[in-house]
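Source file target_20.txt; content: compact mmCIF, C-alpha atoms.
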```txt
# COMPACT_ATOMS: atom_id res chain seq x y z
CA MET A 1 9.18 12.34 -12.04
CA ALA A 2 8.84 9.61 -9.46
CA THR A 3 9.35 11.27 -6.08
CA PRO A 4 11.04 10.45 -2.77
CA SER A 5 8.50 9.20 -0.25
CA THR A 6 7.86 10.02 3.40
CA ILE A 7 6.09 6.66 3.79
CA GLU A 8 8.14 4.71 6.30
CA TRP A 9 8.22 1.41 4.40
CA THR A 10 9.23 2.54 0.91
CA GLU A 11 11.79 4.79 -0.86
CA GLN A 12 10.02 6.44 -3.79
CA THR A 13 6.52 6.66 -5.24
CA TRP A 14 5.64 6.05 -8.87
CA ASN A 15 2.17 7.06 -10.07
CA PRO A 16 1.41 5.90 -13.62
CA THR A 17 -2.20 6.78 -12.78
CA THR A 18 -3.70 9.32 -10.40
CA GLY A 19 -7.12 9.66 -8.85
CA CYS A 20 -9.55 7.09 -7.51
CA THR A 21 -13.05 6.44 -6.15
CA LYS A 22 -14.15 5.24 -2.72
CA VAL A 23 -14.99 1.56 -2.22
CA SER A 24 -14.89 0.89 1.55
CA PRO A 25 -14.68 2.58 4.98
CA GLY A 26 -10.90 2.87 4.76
CA CYS A 27 -11.39 5.36 1.92
CA LYS A 28 -13.49 7.81 3.95
CA ASN A 29 -10.68 10.23 4.84
CA CYS A 30 -8.41 9.45 1.88
CA TYR A 31 -5.08 11.28 2.20
CA ALA A 32 -4.49 11.02 -1.56
CA GLU A 33 -7.74 12.84 -2.33
CA VAL A 34 -6.75 15.72 -0.06
CA MET A 35 -3.26 15.83 -1.55
CA ALA A 36 -4.58 15.76 -5.12
CA ARG A 37 -6.73 18.81 -4.46
CA ARG A 38 -3.74 20.64 -3.03
CA LEU A 39 -1.58 19.69 -6.00
CA LYS A 40 -4.27 20.85 -8.43
CA ALA A 41 -4.48 24.21 -6.64
CA MET A 42 -0.69 24.50 -6.90
CA GLY A 43 -0.79 23.75 -10.63
CA ALA A 44 1.29 20.58 -10.24
CA PRO A 45 1.71 18.54 -13.44
CA GLY A 46 -0.62 15.55 -13.64
CA TYR A 47 -3.31 16.91 -11.33
CA ASP A 48 -5.35 19.04 -13.72
CA ASN A 49 -8.26 16.67 -13.07
CA GLY A 50 -7.87 16.75 -9.30
CA PHE A 51 -8.75 13.33 -7.92
CA ALA A 52 -10.59 12.08 -11.01
CA LEU A 53 -9.01 8.88 -12.30
CA THR A 54 -6.40 9.81 -14.89
CA LEU A 55 -3.97 7.64 -16.85
CA MET A 56 -0.44 9.04 -17.11
CA PRO A 57 1.29 7.13 -19.95
CA GLU A 58 4.07 9.72 -20.01
CA ARG A 59 5.18 8.41 -16.62
CA LEU A 60 5.56 4.78 -17.69
CA GLU A 61 9.26 5.12 -18.43
CA GLN A 62 10.26 6.92 -15.22
CA PRO A 63 11.65 3.81 -13.49
CA ILE A 64 13.50 2.81 -16.66
CA ILE A 65 15.47 6.04 -16.56
CA ARG A 66 16.55 5.43 -12.96
CA LYS A 67 19.38 2.90 -12.83
CA LYS A 68 19.94 2.91 -9.06
CA PRO A 69 18.04 0.02 -7.40
CA THR A 70 15.00 1.57 -5.74
CA VAL A 71 11.96 0.43 -3.79
CA TYR A 72 8.89 1.98 -5.44
CA PHE A 73 5.42 2.23 -3.97
CA VAL A 74 3.25 2.08 -7.09
CA ASN A 75 0.24 4.40 -7.20
CA SER A 76 0.33 6.11 -3.84
CA MET A 77 -2.17 8.51 -5.42
CA SER A 78 -4.47 5.94 -7.03
CA ASP A 79 -5.36 2.23 -7.15
CA LEU A 80 -3.65 0.34 -9.96
CA PHE A 81 -6.46 -2.23 -10.17
CA HIS A 82 -9.31 0.27 -10.41
CA ALA A 83 -12.05 -1.02 -12.71
CA LYS A 84 -11.54 1.87 -15.14
CA ILE A 85 -7.87 1.04 -15.70
CA SER A 86 -7.78 -1.37 -18.61
CA ASP A 87 -5.82 -4.61 -18.72
CA ARG A 88 -3.98 -3.10 -21.67
CA PHE A 89 -2.68 -0.23 -19.56
CA LEU A 90 -1.86 -2.60 -16.71
CA ASP A 91 0.19 -4.64 -19.16
CA LYS A 92 2.23 -1.54 -19.95
CA VAL A 93 2.86 -0.90 -16.26
CA PHE A 94 4.02 -4.47 -15.71
CA ASP A 95 6.15 -4.31 -18.86
CA THR A 96 8.06 -1.41 -17.25
CA ILE A 97 8.40 -3.47 -14.07
CA GLU A 98 9.79 -6.45 -15.97
CA GLN A 99 12.27 -4.21 -17.80
CA THR A 100 13.68 -2.95 -14.50
CA PRO A 101 14.63 -5.99 -12.37
CA GLN A 102 16.96 -3.79 -10.30
CA HIS A 103 13.92 -2.15 -8.70
CA THR A 104 11.39 -3.51 -6.21
CA TYR A 105 7.74 -2.54 -6.74
CA GLN A 106 5.20 -2.50 -3.90
CA ILE A 107 1.65 -2.58 -5.27
CA LEU A 108 -1.29 -2.15 -2.91
CA THR A 109 -4.97 -2.40 -3.84
CA LYS A 110 -8.45 -2.40 -2.38
CA ARG A 111 -9.76 -3.99 -5.61
CA ALA A 112 -8.48 -7.41 -4.57
CA GLU A 113 -11.13 -9.34 -6.52
CA ARG A 114 -9.41 -8.25 -9.74
CA LEU A 115 -6.04 -9.76 -8.80
CA PRO A 116 -6.69 -13.45 -9.60
CA GLU A 117 -8.61 -12.43 -12.71
CA TYR A 118 -5.76 -10.31 -14.09
CA PHE A 119 -2.99 -12.77 -13.19
CA LYS A 120 -4.90 -15.85 -14.37
CA ASN A 121 -2.97 -15.92 -17.62
CA ARG A 122 -0.08 -13.66 -16.61
CA THR A 123 2.95 -14.12 -14.40
CA CYS A 124 3.44 -11.72 -11.52
CA PRO A 125 7.00 -10.37 -11.90
CA SER A 126 9.47 -11.56 -9.27
CA ASN A 127 10.31 -7.97 -8.26
CA VAL A 128 6.70 -7.20 -7.30
CA TRP A 129 5.46 -7.16 -3.71
CA LEU A 130 1.69 -7.47 -4.02
CA GLY A 131 -0.56 -6.29 -1.22
CA VAL A 132 -4.14 -5.56 -0.18
CA SER A 133 -5.62 -3.08 2.31
CA VAL A 134 -7.34 -4.57 5.36
CA GLU A 135 -9.11 -1.92 7.42
CA ASP A 136 -11.96 -3.98 8.93
CA ARG A 137 -13.65 -7.39 8.95
CA LYS A 138 -16.41 -6.81 6.39
CA TYR A 139 -14.45 -5.22 3.56
CA GLY A 140 -10.79 -5.77 4.37
CA VAL A 141 -10.38 -9.34 5.62
CA PRO A 142 -11.97 -11.00 2.52
CA ARG A 143 -9.34 -9.34 0.33
CA ILE A 144 -6.67 -11.59 1.82
CA ASP A 145 -8.09 -14.69 0.12
CA TYR A 146 -8.01 -12.99 -3.27
CA LEU A 147 -4.37 -11.99 -2.73
CA ARG A 148 -3.43 -15.54 -1.77
CA GLN A 149 -4.60 -16.76 -5.18
CA VAL A 150 -1.79 -14.87 -6.94
CA ASP A 151 1.65 -16.45 -7.18
CA ALA A 152 3.56 -13.37 -6.01
CA LYS A 153 7.03 -13.67 -4.47
CA ILE A 154 5.95 -11.37 -1.64
CA ARG A 155 2.35 -10.93 -0.49
CA PHE A 156 1.62 -8.25 2.09
CA LEU A 157 -1.19 -6.63 4.02
CA SER A 158 -1.54 -2.94 4.77
CA VAL A 159 -3.78 -2.89 7.83
CA GLU A 160 -4.20 0.87 7.72
CA PRO A 161 -6.23 2.64 8.81
CA LEU A 162 -7.09 -0.08 11.33
CA LEU A 163 -10.71 0.71 12.21
CA GLU A 164 -11.68 -2.22 14.43
CA ASP A 165 -10.47 -5.50 15.88
CA VAL A 166 -10.19 -7.66 12.77
CA GLY A 167 -10.28 -10.88 14.79
CA PRO A 168 -8.48 -14.05 13.70
CA LEU A 169 -6.64 -13.76 10.38
CA ASN A 170 -5.56 -16.49 7.98
CA LEU A 171 -1.97 -15.41 7.31
CA LYS A 172 -0.94 -18.51 5.37
CA ASP A 173 1.41 -17.48 2.54
CA ILE A 174 1.39 -13.85 3.70
CA HIS A 175 4.93 -12.54 4.11
CA TRP A 176 4.54 -9.05 5.54
CA VAL A 177 1.96 -7.21 7.65
CA ILE A 178 1.96 -3.41 8.06
CA VAL A 179 -0.31 -1.83 10.68
CA GLY A 180 -1.10 1.83 11.21
CA GLY A 181 -3.66 4.24 12.57
CA GLU A 182 -5.40 6.99 10.64
CA SER A 183 -3.98 10.52 10.60
CA GLY A 184 -5.53 13.88 9.82
CA HIS A 185 -8.00 16.07 11.72
CA LYS A 186 -10.88 13.67 10.99
CA SER A 187 -8.93 10.57 12.00
CA ARG A 188 -10.70 7.68 13.67
CA PRO A 189 -9.16 6.08 16.79
CA MET A 190 -7.22 2.81 16.87
CA GLU A 191 -6.97 0.76 20.06
CA GLN A 192 -3.74 -0.86 21.22
CA GLU A 193 -5.33 -4.28 21.75
CA TRP A 194 -6.37 -4.37 18.08
CA VAL A 195 -2.75 -3.87 17.04
CA THR A 196 -1.44 -6.35 19.60
CA ASN A 197 -3.86 -8.98 18.29
CA ILE A 198 -2.46 -8.61 14.77
CA GLN A 199 1.16 -8.47 15.94
CA ALA A 200 0.75 -11.73 17.88
CA GLN A 201 -0.84 -13.50 14.92
CA THR A 202 1.83 -12.21 12.56
CA ASP A 203 4.58 -13.44 14.86
CA ALA A 204 2.93 -16.86 15.13
CA SER A 205 2.63 -17.15 11.35
CA GLY A 206 6.27 -16.26 10.72
CA ALA A 207 5.45 -13.15 8.68
CA ALA A 208 7.31 -9.87 9.19
CA PHE A 209 5.55 -7.17 11.23
CA PHE A 210 5.88 -3.43 10.60
CA PHE A 211 4.14 -0.90 12.83
CA LYS A 212 3.89 2.31 10.84
CA GLN A 213 2.28 4.81 13.22
CA TRP A 214 -0.41 5.54 15.79
CA GLY A 215 -1.78 8.36 13.66
CA GLY A 216 -4.09 10.95 15.16
CA TRP A 217 -4.86 8.97 18.32
CA GLY A 218 -2.23 7.75 20.75
CA ALA A 219 -1.97 4.40 22.52
CA ASP A 220 -3.52 6.16 25.52
CA GLY A 221 -6.64 7.10 23.55
CA VAL A 222 -5.76 10.81 23.42
CA LYS A 223 -6.08 12.73 20.16
CA ARG A 224 -2.99 14.71 19.22
CA SER A 225 -0.57 15.13 16.30
CA LYS A 226 0.72 11.90 14.75
CA LYS A 227 4.29 13.10 15.25
CA ILE A 228 3.78 13.25 19.02
CA ASN A 229 1.94 9.91 19.09
CA GLY A 230 4.87 8.36 17.24
CA ARG A 231 5.51 4.73 16.27
CA LEU A 232 6.23 2.89 19.50
CA LEU A 233 4.24 -0.23 20.32
CA HIS A 234 4.90 -1.76 23.74
CA GLY A 235 7.89 0.55 24.11
CA ARG A 236 9.69 -0.29 20.88
CA THR A 237 9.58 0.14 17.11
CA TRP A 238 8.64 -2.75 14.81
CA ASP A 239 10.36 -2.37 11.45
CA ALA A 240 10.62 -5.89 10.05
CA TYR A 241 10.63 -6.52 6.30
CA PRO A 242 10.04 -9.77 4.42
CA LYS A 243 13.19 -11.78 3.85
CA MET A 244 13.83 -11.66 0.14
CA PRO A 245 17.05 -10.56 -1.57
CA ARG A 246 16.66 -7.75 -4.05
CA VAL A 247 17.18 -8.78 -7.66
CA VAL A 248 20.05 -6.83 -9.19
CA ALA A 249 20.41 -6.36 -12.93
CA ALA A 250 23.46 -7.93 -14.54
```

Transcribe the structure of this file into structure tokens.
Amino acid sequence: MATPSTIEWTEQTWNPTTGCTKVSPGCKNCYAEVMARRLKAMGAPGYDNGFALTLMPERLEQPIIRKKPTVYFVNSMSDLFHAKISDRFLDKVFDTIEQTPQHTYQILTKRAERLPEYFKNRTCPSNVWLGVSVEDRKYGVPRIDYLRQVDAKIRFLSVEPLLEDVGPLNLKDIHWVIVGGESGHKSRPMEQEWVTNIQAQTDASGAAFFFKQWGGWGADGVKRSKKINGRLLHGRTWDAYPKMPRVVAA
């Protein structure tokens, strides 16, 4: 089944594929890889292969069964646009999405170069929020231009884990920016001025800004649990969402 999520900006996760491979520095301490190994050890369904990329066609109908309007994060345990996931399987995923207009689907990828290629002759469903990961300048920032080439109703950036000051960003036609630090015992630090730089640019562009967490390092540069470090930036929480009414089935 799709499962309730502890991720602050979504409601449930839906994983029609599981497993992935590393493509950039943001992948170094992948939480999904660690979780997949735990789930395999527990004998959880769908994780017999650990973190090896696995298609799960039996999960394609999960959102169809659920009638209550739900915000789904698609592939929290994988990357939907991985090179080894065929266009044919992607078509099946998007067919499910189109059949369930009552739901909102948040799709995030590091394989941004595939987005304009896949959607060249396809329409991105109106209930899809399409996003790319932006962890640094070299690998992350260029993904934004690929995302901008897709006619998605909502385009968003997940700047997590933020590994350096990403400098000036072109946020034209970007509707939502999420920022967060890395968690886990091997987490890398995030500096407050890096976050402030992004928040100021997001505000100037008119996009919504969501600060997810400090992660394993606090605003004061001290390493401690992410729960203690919390989510406050400049003394407040930042929980803005893009302004778009949810489509409800007739």

Do you have, as a Markdown table, the list of residues of stretch 101-155 of chain A lying at most 7 Å from stretch 64-86 of chain A, each with its nearest atom pair and that distance in Å to one decimal, counting only C-alpha atoms and ordered by chain then number?
```
| residue | atom | partner | partner_atom | distance |
| --- | --- | --- | --- | --- |
| A:Gln102 | CA | A:Pro69 | CA | 4.9 |
| A:His103 | CA | A:Pro69 | CA | 4.8 |
| A:Thr104 | CA | A:Val71 | CA | 4.7 |
| A:Tyr105 | CA | A:Tyr72 | CA | 4.8 |
| A:Gln106 | CA | A:Phe73 | CA | 4.7 |
| A:Ile107 | CA | A:Val74 | CA | 5.3 |
| A:Thr109 | CA | A:Asp79 | CA | 5.7 |
| A:Arg111 | CA | A:Phe81 | CA | 5.9 |
| A:Arg114 | CA | A:Phe81 | CA | 6.7 |
```

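The spacing separating atom CA of A:Arg88 from atom CA of A:Val132 amounts to 21.6 Å.
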
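Every protein or nucleic acid residue with an atom no more than 8 Å from A:Cys124, counting all atoms listed in the file and leaving out same-chain residues fewer than 4 positions away, appears here: Phe119, Val128, Val150, Asp151 and Ala152 of chain A.
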
With C-alpha atoms retained, export the selected residues as a PDB file, in the coordinates of the input.
```pdb
ATOM      1  CA  PHE A 119      -2.990 -12.770 -13.190  1.00  0.00           C
ATOM      2  CA  VAL A 128       6.700  -7.200  -7.300  1.00  0.00           C
ATOM      3  CA  VAL A 150      -1.790 -14.870  -6.940  1.00  0.00           C
ATOM      4  CA  ASP A 151       1.650 -16.450  -7.180  1.00  0.00           C
ATOM      5  CA  ALA A 152       3.560 -13.370  -6.010  1.00  0.00           C
TER       6      ALA A 152
END
```

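Among A:Asp239, A:Asp220, A:Asp173, A:Glu191, the residue with the shortest atom-to-atom distance to A:Ala207, counting all atoms listed in the file, is A:Asp173.
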
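Of note, atom CA of A:Leu130 and atom CA of A:Pro45 are spaced 27.7 Å apart.
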
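With atom CA of A:Gly43 on one side and atom CA of A:Glu61 on the other, the separation reads 22.6 Å.
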
What's around stretch 135-143 of chain A at 6 Å? Count only C-alpha atoms, leave out sequence neighbours fewer than 2 positions away in its own chain, and write the answer as a PyMOL selection string. chain A and resi 26+112+145-146+159-164+166

Counting all atoms listed in the file, write as a PyMOL selection string all protein and nucleic acid residues lying at most 8 Å from (3.7, 8.9, 18.3) in the file's frame. chain A and resi 213-215+218+225-232

Selection to disk with C-alpha atoms, as a PDB file, in the frame of the given file:
```
ATOM      1  CA  GLN A 213       2.280   4.810  13.220  1.00  0.00           C
ATOM      2  CA  TRP A 214      -0.410   5.540  15.790  1.00  0.00           C
ATOM      3  CA  GLY A 215      -1.780   8.360  13.660  1.00  0.00           C
ATOM      4  CA  GLY A 218      -2.230   7.750  20.750  1.00  0.00           C
ATOM      5  CA  SER A 225      -0.570  15.130  16.300  1.00  0.00           C
ATOM      6  CA  LYS A 226       0.720  11.900  14.750  1.00  0.00           C
ATOM      7  CA  LYS A 227       4.290  13.100  15.250  1.00  0.00           C
ATOM      8  CA  ILE A 228       3.780  13.250  19.020  1.00  0.00           C
ATOM      9  CA  ASN A 229       1.940   9.910  19.090  1.00  0.00           C
ATOM     10  CA  GLY A 230       4.870   8.360  17.240  1.00  0.00           C
ATOM     11  CA  ARG A 231       5.510   4.730  16.270  1.00  0.00           C
ATOM     12  CA  LEU A 232       6.230   2.890  19.500  1.00  0.00           C
TER      13      LEU A 232
END
```

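Omitting A:Trp176 and its sequence neighbours fewer than 4 positions away, and counting all atoms listed in the file, the residues within 7 Å are Arg155, Phe156, Leu157, Ala207, Ala208, Phe209, Tyr241 and Pro242 of chain A.
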